[in-house]
Amino acid sequence: MQGMEPTLNDALSRIDTLWVVVAGVLVFFMQAGFLLLEVGFSRMKNAGTVVAKVIANLSIAALCYWAVGFALAFGGTGWFAGTEGTFLGTIEQGAFPAMEFSTAAVPAKFFFQLAFCAVSLAIVWGTTLERIKFGAYLIYAVVFSSLIYPVISHWIFGGGWLQASFGMQDFAGSTVIHLIGATGALAALLLLGPRQGKFGKDGTPNVIPGHSMPLMGLGVVILFVGWFGFNAGSTLSVADGRFAEVAIVTVIGAAGGVLGAMAMSYSLTRTFDIGMTGNGVIAGLVGITAPSGYVEYWAAVPIGVVAGVLVVRSIIAIERLVDDPIGALSAHGVAGVWGTLACGLFTAPRLAEYNAIGEGGLFYTGSFEQLGVQALGVTAAFLSVFALSLAVFYLIKSTYGLRVGVDDERRGLDIVEHGMWGYPEQFMPVPGSEYHPPNTPGARAGALALPLTARAQEG
Amino acid sequence: MQGMEPTLNDALSRIDTLWVVVAGVLVFFMQAGFLLLEVGFSRMKNAGTVVAKVIANLSIAALCYWAVGFALAFGGTGWFAGTEGTFLGTIEQGAFPAMEFSTAAVPAKFFFQLAFCAVSLAIVWGTTLERIKFGAYLIYAVVFSSLIYPVISHWIFGGGWLQASFGMQDFAGSTVIHLIGATGALAALLLLGPRQGKFGKDGTPNVIPGHSMPLMGLGVVILFVGWFGFNAGSTLSVADGRFAEVAIVTVIGAAGGVLGAMAMSYSLTRTFDIGMTGNGVIAGLVGITAPSGYVEYWAAVPIGVVAGVLVVRSIIAIERLVDDPIGALSAHGVAGVWGTLACGLFTAPRLAEYNAIGEGGLFYTGSFEQLGVQALGVTAAFLSVFALSLAVFYLIKSTYGLRVGVDDERRGLDIVEHGMWGYPEQFMPVPGSEYHPPNTPGARAGALALPLTARAQEG
Amino acid sequence: MQGMEPTLNDALSRIDTLWVVVAGVLVFFMQAGFLLLEVGFSRMKNAGTVVAKVIANLSIAALCYWAVGFALAFGGTGWFAGTEGTFLGTIEQGAFPAMEFSTAAVPAKFFFQLAFCAVSLAIVWGTTLERIKFGAYLIYAVVFSSLIYPVISHWIFGGGWLQASFGMQDFAGSTVIHLIGATGALAALLLLGPRQGKFGKDGTPNVIPGHSMPLMGLGVVILFVGWFGFNAGSTLSVADGRFAEVAIVTVIGAAGGVLGAMAMSYSLTRTFDIGMTGNGVIAGLVGITAPSGYVEYWAAVPIGVVAGVLVVRSIIAIERLVDDPIGALSAHGVAGVWGTLACGLFTAPRLAEYNAIGEGGLFYTGSFEQLGVQALGVTAAFLSVFALSLAVFYLIKSTYGLRVGVDDERRGLDIVEHGMWGYPEQFMPVPGSEYHPPNTPGARAGALALPLTARAQEG
Amino acid sequence: MKKIEAIIRPERLQEVQDSLDELGVSGLTVTDVVGCGRQKGYTEQYRGTSANISLLPKIKVESVVPDGISEQAIEAIVSGAYTGEVGDGRVFVYGVEQAIRIRTGETGEDTVRHEMAEGWGH
Amino acid sequence: MKKIEAIIRPERLQEVQDSLDELGVSGLTVTDVVGCGRQKGYTEQYRGTSANISLLPKIKVESVVPDGISEQAIEAIVSGAYTGEVGDGRVFVYGVEQAIRIRTGETGEDTVRHEMAEGWGH
Amino acid sequence: MKKIEAIIRPERLQEVQDSLDELGVSGLTVTDVVGCGRQKGYTEQYRGTSANISLLPKIKVESVVPDGISEQAIEAIVSGAYTGEVGDGRVFVYGVEQAIRIRTGETGEDTVRHEMAEGWGH
Ligand SMILES: Nc1ncnc2c1ncn2[C@@H]1O[C@H](COP(=O)(O)OP(=O)(O)O)[C@@H](O)[C@H]1O
Ligand SMILES: Nc1ncnc2c1ncn2[C@@H]1O[C@H](COP(=O)(O)OP(=O)(O)O)[C@@H](O)[C@H]1O
Ligand SMILES: Nc1ncnc2c1ncn2[C@@H]1O[C@H](COP(=O)(O)OP(=O)(O)O)[C@@H](O)[C@H]1O
């Protein structure tokens, strides 16, 4: 099927391509993690809608990112946005210069980047659970995956101004994926307001726990596993075994996040809060995402621990102000900022050089320069995404509406938006779901029937 | 441990082998997806049996396909069936000529094909939930994985008459895996009849919703992820980055399926039905399965959308006639037929040539030839599998019995066939599962106790 | 980014590195399997704690194994323990001689071995569900992953006395991972005692079924999938397609385990117990783990079947003596012993030679020598781990305490140790989770309202 | 007024509802309960251990009716709930001293007299 | 003593609890029930098929009170449960022949008289 | 006939069942309820926020017995349910005007008299 004999370079490229596709599959799998996280942190009456939401968002992201997103993000080195490659119309390596360092085939790179876009979009919705109108998801998803995410990610990943002119470091997206997502989430939240009953008449917050920590926990473990594709896959290459090192840095960061969060949770509330433990994993992972390709193993420990401590303090503080059911502002936003800044502190000069982006961090160089660049990048990304998202959500709010009606919120999004509960047997009489005991005496008991009959006759 | 120095060809072969094994693992993982799909669409009293069923089927398929199935499917180019390689007794590439185009090691190819057989078998049971006898699974599984699936798949995948003489195109199995599975499902359903209470006295269908849309949704996302192994793995090779392109076609097809199904569901019922959204993903994926290696990106959009529209219309139509709890006839059967025919419309001549099977589709060539071949293939596969399956299920019905008794169906398969519910605490008093509030006043409340005690004293 | 042009050897090494990382990711994913298994086999009131436990253990294992564990396990060929490579301070292949046969990069090997350590630790806790204090997990995890697991695994995997001087065969860890874990589990169990209410006043056991067979089943399938990384990844290499063959042996062994367990369960209790089916998979997999790289396909059948039969008999026998909620002693302990001994029976001489460890088994050579070696290894590992673990748990018990108080056990670990239930809506009034029916007559019913209103007026 | 309280098999609820509907009984309240009587529970086997289940699921139907139709209401319930097998359940009748409709504040027998329903579709 | 039994909307429970608390009612027992009356259920559409849901979730609140405060207790409940929409529910009153406090063995009206609570935080 | 209604701790159900069994009480019906009385609920901390749980899980046991054994039945329940801690619950007694066994159509006290059970194993 092929004209020419493959060469050693073909073999090397195939290996990179294979890794990038496999990593992309792992990142796609993170959708299951977000689904479970949101399901677990919702009440039973709002658990089903998450399923439809995740699937619909992923689908919209796929089509929009294919049509224009990828071109805007990677199709050339314009300072603001790319232009080449709408509908993946070309697979020349040269058309996507920011990823040319990797020999992986362009379709593999597209596949991987699409999965990233879908992750960032999934993060947006964590703050909006249990009250947003379903259509709002759909509208924002189109704008986010065609425009907001591609343009901002171009600045930092795709050779735009922050990367090319300033050397901003963000290996796998603490800012590009997580902070962007969390910023959209903040804009949505501010326009949505809290769930009914979240705050008492005196403004103190009430506890509205999610309905299933087991599903939440499964989601967290899936995200953890997917993150190996996320961070280690961001090498886009298997050269020098760097991707394995990135994977190790990732585990250590996550572990630090967990221990930081558990220690903080215990010291504040005398219990190891389960949700906080889960948030600790996420925060550790988000925190280590930007530095994962830039730091030595040891640095992952403080980066993770600080992320874990921050996420707990931040959730408790935010809980008194706004209603973020899943802790997305803290786990993706605060930890995303921290992770990006951490490059400015911990980046090893040898790895900055290896990646050919930016400089070593403060602790190596004594210079605040890289830290300043990181702060600039965070600020630029935050402000841009916030302004754009606020505008979009404001438009949605003033036309289609952002929030379901008071009564509909009480009834739950599942029945109101989807015509059926996510757990029907918990809410309605399902035919045949009433319990039927066995009818014939002794039928099942077999050898056991005898002594028991005897017992019953005595009793 | 090896005599000779490895060559470049060894390296290339190892890369292919690695991909095929990884893809095979992804396809095995789809068993978790089917498990969750069936669990989610069952009532609570029938949720546990699915677990035992999936595990038992997978085990039977493994042994039977290893013993004879693989040999029948791929062991030579006989028009009807292969013969070489029972018990994987040879690992010569030449013994399995239909897969010789790939340099992957034979055991990897076996591993991958076994996973496919298990998927097809899993599809069979979607129509039979909540009333079939457990033993019926076991008996049919033996026949299916030793005989039915291997022979029919040989015709289309293994170099048999439909592939070799007609050039039927089915890249990853819209017909071979999905239609075959759904046809077995139809045969079983016709002999089983509907669940008690599905149809009212006047014949109108009643709603029997499954008990957990979250688990269903997780299953769908897992299937989606597994499908990357399924379609992109069917290249059996990483040459030319084709496998990455197939993965992209797959995502686009699935996205089309979702949007088609949601639009249709909304236009018919004014809600975004959650189950229909899930069925939309599956239908999109099933529809794009046959064309995934034959079509350009753009073609995946109409193929997916049509699959999504069809699945909703088909489920609603079928719902009035027979009782298919999971929508398998529509999602795997109707969409499988559509996907196979779609090759006859959309196959790009350059890709037909690349794969060296068949011709370009109607929209390129203006000729109905390939479409005719596809229709022939669908018909041949459907009729053969239907006749064989009906015979097997009829035999089971007239000897062992196909359906549990009326009372047992009411009690639920979990307790009747497995001696314990899948969710015991929902059905019986489990020791220690009654709720125990804390006993010692103030013990847990800590600093909070004071104001609250005060409040209680006022109240 | 690299000085020299990569060579063919670089390419080969990259392929191995890629496989080892991917396999490592699969093994990490097994944590989700253990999480679900333990959640499924717990009562609802104790389901949440499992999440916090799994995450905390994984984190501790990551840090300890990175700091010292890996060095003890693989850092040199000392008879008792290794020394090189604390904090992964070197990535020279020569520093880890027992894995030098593979050309995969050292960080990939570390990543893989870390995942193994975390699996072994996860196995420990199966016996301790629903009554252990949370802090006990944390303390033991530190000792286990820094000391117990690394030293014993060094003996068998890392070039220590059992491997180097005796040629003990344990391809992927029936002893090293599973028996070690189960032995820790036994030590914990003996000091913990049974759950309240497990044994009646007359000493007969009561049924305390876990709350969710669907989640248990999902866990089992995830473990199954992860096991492909576990066993086939233990090649640490893709040379000769051996890893694909190991994967096939693994499937066949698991299938044998399932059929053995189901047959035994049916013959003893006339039902296909769901949990036993799950235990059958695990036992088949554990049994085939040691032999997976040493035996021919056919041998996987008897090895699996015997493991499946053993696990059922063993669970029923153990049930009368101690309280092992998940069956860990049987599935990991008994099956682990069986799997290790099975090498002494079934190892093919050609594969012993290929791996350059030990001899062929009894059925090939007629000699009991290898069997003797295997028995020695099992005994040494069991006794060492048991003594160490008993000491650690005894110390925990006499200082911090091993078990929660009587009332706390009744209330459940979720609320007592974590301040909130895993399923809050099942235990407390969650604001807004009471059910709200629609309020406005006819609002939702649309076209349907008319006939129904009519009906209501008649009734 | 009388309160009629019936303990019935879960699967007979629909029939009982239907016969009360026909009679024009104005309202009823349904509770999930478990109980034992002549029917004594059963034994399950699980992992080789046996579990005795001593309380069986039942449904409690309560309806407060005017004195005048209490006999008919009892008959309607009995006819709807009857299967003839052990475990069919019981009907108990109690006196009611007062009844109030919260929405209107009405009291007495009027509150439990049959009226046209407000219409399906709420 | 009287037993006051109220069938109310689930979302009014907190208000009913609060008004009984103010009155100093000593205890109450709450049960999840479903019921129908004037409010007749509704119809859901699912996958093109419609489902009729004929029983709606309600809450039953029971409290045994001394004869003296039964009128006030009824008023308290009615005021807490009232929304004015169909489906607000009913209050029924029954005579109680005897009451025993298990912990102390006390009998009679004393067992249901208002007392200082033992304190929050149990 | 009397109806004896006991609100007890969930963990005492088995004991109450056992003492009624010994007495030969013919049947009983059990409902999951929540309640408050002297025992006032408690507070949980979650993510830094505190939740007040004001109703505690209890079990309601109802049994209709012939007048003759009602005193003994009450004693049996009290002895089974007693722990001495706040929250043990109450027993209330009501008059029953009529009882019908659905399966046979029998009425009156006979329907609630002790009989040999039909046998375990249904
Ligand atoms: N004396 C009683 N007091 C309260 N409930 C009773 C009494 N007797 C029976 N019941 C309820 O009625 C149900 C059916 O009664 P049972 O005696 O088993 O059947 P049958 O009425 O056909 O003889 C029991 O499960 C229990 O809930
Ligand atoms: N006669 C009755 N006997 C027992 N319960 C009743 C009776 N009438 C109404 N109920 C209960 O009260 C609830 C509300 O009554 P409904 O008639 O719908 O509203 P309203 O009281 O506002 O007219 C019903 O769902 C049912 O549970
Ligand atoms: N007056 C009452 N009316 C109805 N139920 C009551 C009443 N008093 C108490 N109860 C029920 O009894 C339970 C236990 O009562 P409580 O006062 O807490 O304990 P004790 O009886 O030991 O003083 C309460 O949770 C409630 O369900």
# chains A, B, ... in the order shown; residues from 1 in each chain; ligands from 1
call {"tool": "select_by_dssp", "arguments": {"residues": "range 275-361 of chain B", "states": "helix (DSSP H, G or I)", "output": "PyMOL selection string"}}
result
chain B and resi 275-289+291-293+297-319+328-346+349-355
call {"tool": "closest_atom_pairs", "arguments": {"of": "chain C", "to": "chain B", "cutoff": "7 Å", "atoms": "only C-alpha atoms", "output": "tab-separated table"}}
result
residue	atom	partner	partner_atom	distance
C:Leu8	CA	B:Leu8	CA	6.8
C:Leu12	CA	B:Ala11	CA	6.0
C:Ile15	CA	B:Ile15	CA	6.7
C:Arg43	CA	B:Ser433	CA	6.6
C:Gly197	CA	B:Pro431	CA	6.7
C:Ile208	CA	B:Val430	CA	6.1
C:Pro209	CA	B:Pro424	CA	6.7
C:His211	CA	B:Tyr423	CA	5.2
C:Ser212	CA	B:Tyr423	CA	4.9
C:Met213	CA	B:Gly422	CA	4.7
C:Pro214	CA	B:Gly48	CA	5.8
C:Gly217	CA	B:Val51	CA	5.3
C:Leu218	CA	B:Ala32	CA	6.1
C:Val221	CA	B:Ala32	CA	5.9
C:Val225	CA	B:Phe29	CA	6.0
C:Val238	CA	B:Arg14	CA	6.4
C:Gly241	CA	B:Ala105	CA	5.8
C:Ala244	CA	B:Ala108	CA	5.1
C:Glu245	CA	B:Pro107	CA	5.7
C:Ile248	CA	B:Phe111	CA	6.3
C:Val251	CA	B:Ala62	CA	6.8
C:Ile252	CA	B:Ala62	CA	6.4
C:Ala255	CA	B:Ser59	CA	4.1
C:Val258	CA	B:Ala56	CA	6.6
C:Thr271	CA	B:His418	CA	4.9
C:Phe272	CA	B:His418	CA	4.9
C:Asp273	CA	B:His418	CA	4.8
C:Ile274	CA	B:Ala52	CA	5.5
C:Thr277	CA	B:Ala52	CA	6.1
C:Tyr354	CA	B:Met1	CA	5.7
C:Arg410	CA	B:His436	CA	6.2
C:Arg411	CA	B:His436	CA	4.7
call {"tool": "write_last_selection", "arguments": {"atoms": "N, CA and C atoms", "output": "mmCIF file, in the first residue's frame"}}
result
data_model
loop_
_atom_site.group_PDB
_atom_site.id
_atom_site.type_symbol
_atom_site.label_atom_id
_atom_site.label_comp_id
_atom_site.auth_asym_id
_atom_site.auth_seq_id
_atom_site.Cartn_x
_atom_site.Cartn_y
_atom_site.Cartn_z
ATOM 1 N N LEU C 8 19.092 3.009 15.285
ATOM 2 C CA LEU C 8 18.115 1.920 15.363
ATOM 3 C C LEU C 8 17.952 1.462 16.807
ATOM 4 N N LEU C 12 14.552 1.100 18.993
ATOM 5 C CA LEU C 12 14.113 -0.101 19.714
ATOM 6 C C LEU C 12 13.875 0.209 21.186
ATOM 7 N N ILE C 15 10.659 2.080 21.694
ATOM 8 C CA ILE C 15 9.465 1.226 21.629
ATOM 9 C C ILE C 15 9.252 0.533 22.970
ATOM 10 N N ARG C 43 -20.959 -1.980 52.954
ATOM 11 C CA ARG C 43 -22.304 -1.451 53.102
ATOM 12 C C ARG C 43 -22.284 0.046 52.795
ATOM 13 N N GLY C 197 -21.596 -8.246 64.362
ATOM 14 C CA GLY C 197 -22.731 -8.918 63.752
ATOM 15 C C GLY C 197 -22.350 -9.929 62.690
ATOM 16 N N ILE C 208 -23.401 -10.551 55.385
ATOM 17 C CA ILE C 208 -23.346 -9.073 55.288
ATOM 18 C C ILE C 208 -22.941 -8.740 53.854
ATOM 19 N N PRO C 209 -23.902 -8.757 52.951
ATOM 20 C CA PRO C 209 -23.525 -8.554 51.547
ATOM 21 C C PRO C 209 -23.107 -7.115 51.287
ATOM 22 N N HIS C 211 -22.922 -3.575 49.102
ATOM 23 C CA HIS C 211 -24.127 -2.862 48.688
ATOM 24 C C HIS C 211 -24.286 -2.729 47.178
ATOM 25 N N SER C 212 -23.260 -3.021 46.384
ATOM 26 C CA SER C 212 -23.424 -2.789 44.951
ATOM 27 C C SER C 212 -22.618 -3.755 44.097
ATOM 28 N N MET C 213 -23.304 -4.753 43.580
ATOM 29 C CA MET C 213 -22.635 -5.676 42.672
ATOM 30 C C MET C 213 -22.284 -5.002 41.342
ATOM 31 N N PRO C 214 -23.084 -4.064 40.840
ATOM 32 C CA PRO C 214 -22.651 -3.376 39.614
ATOM 33 C C PRO C 214 -21.300 -2.687 39.776
ATOM 34 N N GLY C 217 -18.668 -5.275 39.912
ATOM 35 C CA GLY C 217 -18.432 -5.856 38.590
ATOM 36 C C GLY C 217 -17.611 -4.947 37.699
ATOM 37 N N LEU C 218 -17.909 -3.657 37.765
ATOM 38 C CA LEU C 218 -17.118 -2.710 36.986
ATOM 39 C C LEU C 218 -15.665 -2.767 37.447
ATOM 40 N N VAL C 221 -13.926 -5.781 35.950
ATOM 41 C CA VAL C 221 -13.569 -5.624 34.540
ATOM 42 C C VAL C 221 -12.376 -4.672 34.397
ATOM 43 N N VAL C 225 -8.752 -5.546 32.680
ATOM 44 C CA VAL C 225 -8.097 -4.746 31.651
ATOM 45 C C VAL C 225 -6.712 -4.288 32.123
ATOM 46 N N VAL C 238 8.989 -5.257 24.058
ATOM 47 C CA VAL C 238 8.077 -5.806 23.062
ATOM 48 C C VAL C 238 8.778 -6.803 22.143
ATOM 49 N N GLY C 241 7.318 -10.250 20.194
ATOM 50 C CA GLY C 241 5.884 -10.378 20.414
ATOM 51 C C GLY C 241 5.525 -11.177 21.654
ATOM 52 N N ALA C 244 2.513 -10.001 23.669
ATOM 53 C CA ALA C 244 1.174 -10.350 23.180
ATOM 54 C C ALA C 244 0.810 -11.770 23.613
ATOM 55 N N GLU C 245 1.797 -12.650 23.568
ATOM 56 C CA GLU C 245 1.531 -14.023 24.014
ATOM 57 C C GLU C 245 1.180 -14.063 25.503
ATOM 58 N N ILE C 248 -2.337 -13.133 25.961
ATOM 59 C CA ILE C 248 -3.277 -14.212 25.632
ATOM 60 C C ILE C 248 -3.335 -15.240 26.758
ATOM 61 N N VAL C 251 -5.603 -13.879 29.411
ATOM 62 C CA VAL C 251 -7.044 -14.005 29.151
ATOM 63 C C VAL C 251 -7.515 -15.429 29.391
ATOM 64 N N ILE C 252 -6.732 -16.371 28.905
ATOM 65 C CA ILE C 252 -7.164 -17.768 29.040
ATOM 66 C C ILE C 252 -7.203 -18.162 30.516
ATOM 67 N N ALA C 255 -10.270 -16.683 32.064
ATOM 68 C CA ALA C 255 -11.464 -17.405 31.623
ATOM 69 C C ALA C 255 -11.600 -18.715 32.386
ATOM 70 N N VAL C 258 -12.913 -18.028 35.871
ATOM 71 C CA VAL C 258 -14.345 -17.750 35.913
ATOM 72 C C VAL C 258 -15.139 -19.046 35.818
ATOM 73 N N THR C 271 -26.604 -21.686 42.731
ATOM 74 C CA THR C 271 -26.751 -20.397 42.054
ATOM 75 C C THR C 271 -25.379 -19.961 41.570
ATOM 76 N N PHE C 272 -25.393 -19.083 40.571
ATOM 77 C CA PHE C 272 -24.149 -18.476 40.111
ATOM 78 C C PHE C 272 -23.921 -17.203 40.906
ATOM 79 N N ASP C 273 -23.340 -17.334 42.072
ATOM 80 C CA ASP C 273 -23.113 -16.177 42.938
ATOM 81 C C ASP C 273 -22.325 -15.099 42.181
ATOM 82 N N ILE C 274 -22.827 -13.865 42.248
ATOM 83 C CA ILE C 274 -22.203 -12.791 41.473
ATOM 84 C C ILE C 274 -20.816 -12.457 42.013
ATOM 85 N N THR C 277 -18.355 -15.039 41.052
ATOM 86 C CA THR C 277 -17.943 -14.890 39.661
ATOM 87 C C THR C 277 -16.818 -13.869 39.570
ATOM 88 N N TYR C 354 14.215 -18.922 27.872
ATOM 89 C CA TYR C 354 14.022 -17.592 27.285
ATOM 90 C C TYR C 354 14.175 -16.508 28.348
ATOM 91 N N ARG C 410 -20.910 1.146 64.268
ATOM 92 C CA ARG C 410 -22.335 1.086 63.940
ATOM 93 C C ARG C 410 -22.747 2.255 63.054
ATOM 94 N N ARG C 411 -22.276 3.421 63.395
ATOM 95 C CA ARG C 411 -22.645 4.602 62.612
ATOM 96 C C ARG C 411 -22.045 4.546 61.218
#
call {"tool": "residues_around", "arguments": {"residues": "range 82-88 of chain D", "least_positions_apart": "5", "cutoff": "6 Å", "atoms": "only C-alpha atoms", "output": "list of chain:residue names"}}
result
D:Ile8, D:Gln39, F:Ile102, F:Arg103
call {"tool": "residues_near_ligand", "arguments": {"ligand": "ligand 2", "cutoff": "8 Å", "atoms": "only C-alpha atoms and all ligand atoms", "output": "NGL selection string"}}
result
(:D and (3 or 25-30 or 62-65 or 101-104 or 111-113)) or (:E and (7-9 or 33-40 or 55-58 or 84-90))
call {"tool": "atom_distance", "arguments": {"atom1": "CA of Ile77 in chain F", "atom2": "CA of Val61 in chain F"}}
result
9.2 Å
call {"tool": "residues_around", "arguments": {"residues": "Ile177 in chain C", "least_positions_apart": "2", "cutoff": "12 Å", "atoms": "only C-alpha atoms", "output": "PDB file with C-alpha atoms, in the first residue's frame"}}
result
ATOM      1  CA  VAL C  27      -1.500  -0.893  36.198  1.00  0.00           C
ATOM      2  CA  GLN C 113       7.353  -0.745  39.382  1.00  0.00           C
ATOM      3  CA  LEU C 114       5.771   2.040  41.412  1.00  0.00           C
ATOM      4  CA  ALA C 115       2.398   1.046  40.033  1.00  0.00           C
ATOM      5  CA  PHE C 116       3.082  -2.530  41.159  1.00  0.00           C
ATOM      6  CA  CYS C 117       3.928  -1.451  44.673  1.00  0.00           C
ATOM      7  CA  ALA C 118       0.656   0.501  44.838  1.00  0.00           C
ATOM      8  CA  VAL C 119      -1.296  -2.568  43.710  1.00  0.00           C
ATOM      9  CA  SER C 120       0.242  -4.739  46.380  1.00  0.00           C
ATOM     10  CA  LEU C 121      -0.606  -2.148  49.014  1.00  0.00           C
ATOM     11  CA  ALA C 122      -4.182  -1.898  47.759  1.00  0.00           C
ATOM     12  CA  ILE C 123      -4.599  -5.642  48.223  1.00  0.00           C
ATOM     13  CA  VAL C 124      -3.740  -5.423  51.910  1.00  0.00           C
ATOM     14  CA  PHE C 144       4.873  -1.207  53.481  1.00  0.00           C
ATOM     15  CA  SER C 145       5.956   0.888  50.544  1.00  0.00           C
ATOM     16  CA  ILE C 148       8.253  -4.479  53.407  1.00  0.00           C
ATOM     17  CA  TYR C 149       7.306  -4.564  49.752  1.00  0.00           C
ATOM     18  CA  PRO C 150      10.653  -3.322  48.396  1.00  0.00           C
ATOM     19  CA  ILE C 152      10.673  -8.886  49.644  1.00  0.00           C
ATOM     20  CA  SER C 153      10.161  -7.945  46.015  1.00  0.00           C
ATOM     21  CA  HIS C 154      13.925  -7.539  45.712  1.00  0.00           C
ATOM     22  CA  ILE C 156      12.192 -12.354  43.766  1.00  0.00           C
ATOM     23  CA  PHE C 157      12.116  -9.560  41.175  1.00  0.00           C
ATOM     24  CA  ASP C 170       7.309 -15.348  39.400  1.00  0.00           C
ATOM     25  CA  PHE C 171       6.773 -13.576  36.120  1.00  0.00           C
ATOM     26  CA  ALA C 172       4.476 -10.791  37.175  1.00  0.00           C
ATOM     27  CA  GLY C 173       4.011 -11.320  40.874  1.00  0.00           C
ATOM     28  CA  SER C 174       1.576 -14.014  42.098  1.00  0.00           C
ATOM     29  CA  THR C 175       3.831 -13.994  45.122  1.00  0.00           C
ATOM     30  CA  LEU C 179       0.674 -13.022  48.191  1.00  0.00           C
ATOM     31  CA  ILE C 180       2.575 -10.178  49.839  1.00  0.00           C
ATOM     32  CA  GLY C 181      -0.555  -8.053  49.828  1.00  0.00           C
ATOM     33  CA  ALA C 182      -2.750 -10.869  51.090  1.00  0.00           C
ATOM     34  CA  THR C 183      -0.291 -11.702  53.842  1.00  0.00           C
ATOM     35  CA  GLY C 184      -0.399  -8.137  55.108  1.00  0.00           C
ATOM     36  CA  PHE C 230       0.390  -6.043  34.709  1.00  0.00           C
ATOM     37  CA  ASN C 231       1.317  -9.348  33.105  1.00  0.00           C
ATOM     38  CA  VAL C 286      -3.746 -13.962  40.216  1.00  0.00           C
ATOM     39  CA  GLY C 287      -3.121 -17.630  39.495  1.00  0.00           C
ATOM     40  CA  THR C 289       0.309 -14.027  37.048  1.00  0.00           C
ATOM     41  CA  ALA C 290       3.429 -15.933  38.048  1.00  0.00           C
ATOM     42  CA  HIS C 332      -4.975 -13.010  46.289  1.00  0.00           C
ATOM     43  CA  GLY C 333      -3.499 -15.306  48.939  1.00  0.00           C
ATOM     44  CA  ALA C 335      -4.622 -18.134  44.347  1.00  0.00           C
ATOM     45  CA  GLY C 336      -1.254 -16.404  44.650  1.00  0.00           C
ATOM     46  CA  VAL C 337       0.259 -19.456  46.296  1.00  0.00           C
ATOM     47  CA  GLY C 339      -0.059 -19.554  40.827  1.00  0.00           C
ATOM     48  CA  THR C 340       3.483 -19.547  42.157  1.00  0.00           C
ATOM     49  CA  VAL C 378       6.233 -18.797  48.859  1.00  0.00           C
ATOM     50  CA  ALA C 381       7.788 -14.439  51.402  1.00  0.00           C
ATOM     51  CA  PHE C 382       4.802 -15.388  53.493  1.00  0.00           C
ATOM     52  CA  VAL C 385       5.765 -10.407  55.372  1.00  0.00           C
TER      53      VAL C 385
END
call {"tool": "residues_around", "arguments": {"residues": "Leu72 in chain A", "least_positions_apart": "5", "cutoff": "6 Å", "atoms": "only C-alpha atoms", "output": "JSON, numbers by chain"}}
result
{"A": [81, 82, 83, 150]}
call {"tool": "atom_distance", "arguments": {"atom1": "CA of Arg403 in chain C", "atom2": "CA of Arg131 in chain C"}}
result
5.7 Å
call {"tool": "residues_around", "arguments": {"residues": "range 73-79 of chain B", "least_positions_apart": "3", "cutoff": "6 Å", "atoms": "only C-alpha atoms", "output": "list in words"}}
result
Phe70, Gly82, Thr83, Glu84, Gly85, Ala95, Phe96, Pro150, Val151, His154, Gly158, Gly159, Gly160 and Trp161 of chain B
call {"tool": "residues_around", "arguments": {"residues": "Ala99 in chain E", "least_positions_apart": "3", "cutoff": "10 Å", "atoms": "only C-alpha atoms", "output": "ChimeraX atom specification"}}
result
/E:1,64,96,102,105-112 /F:4-6,90-94
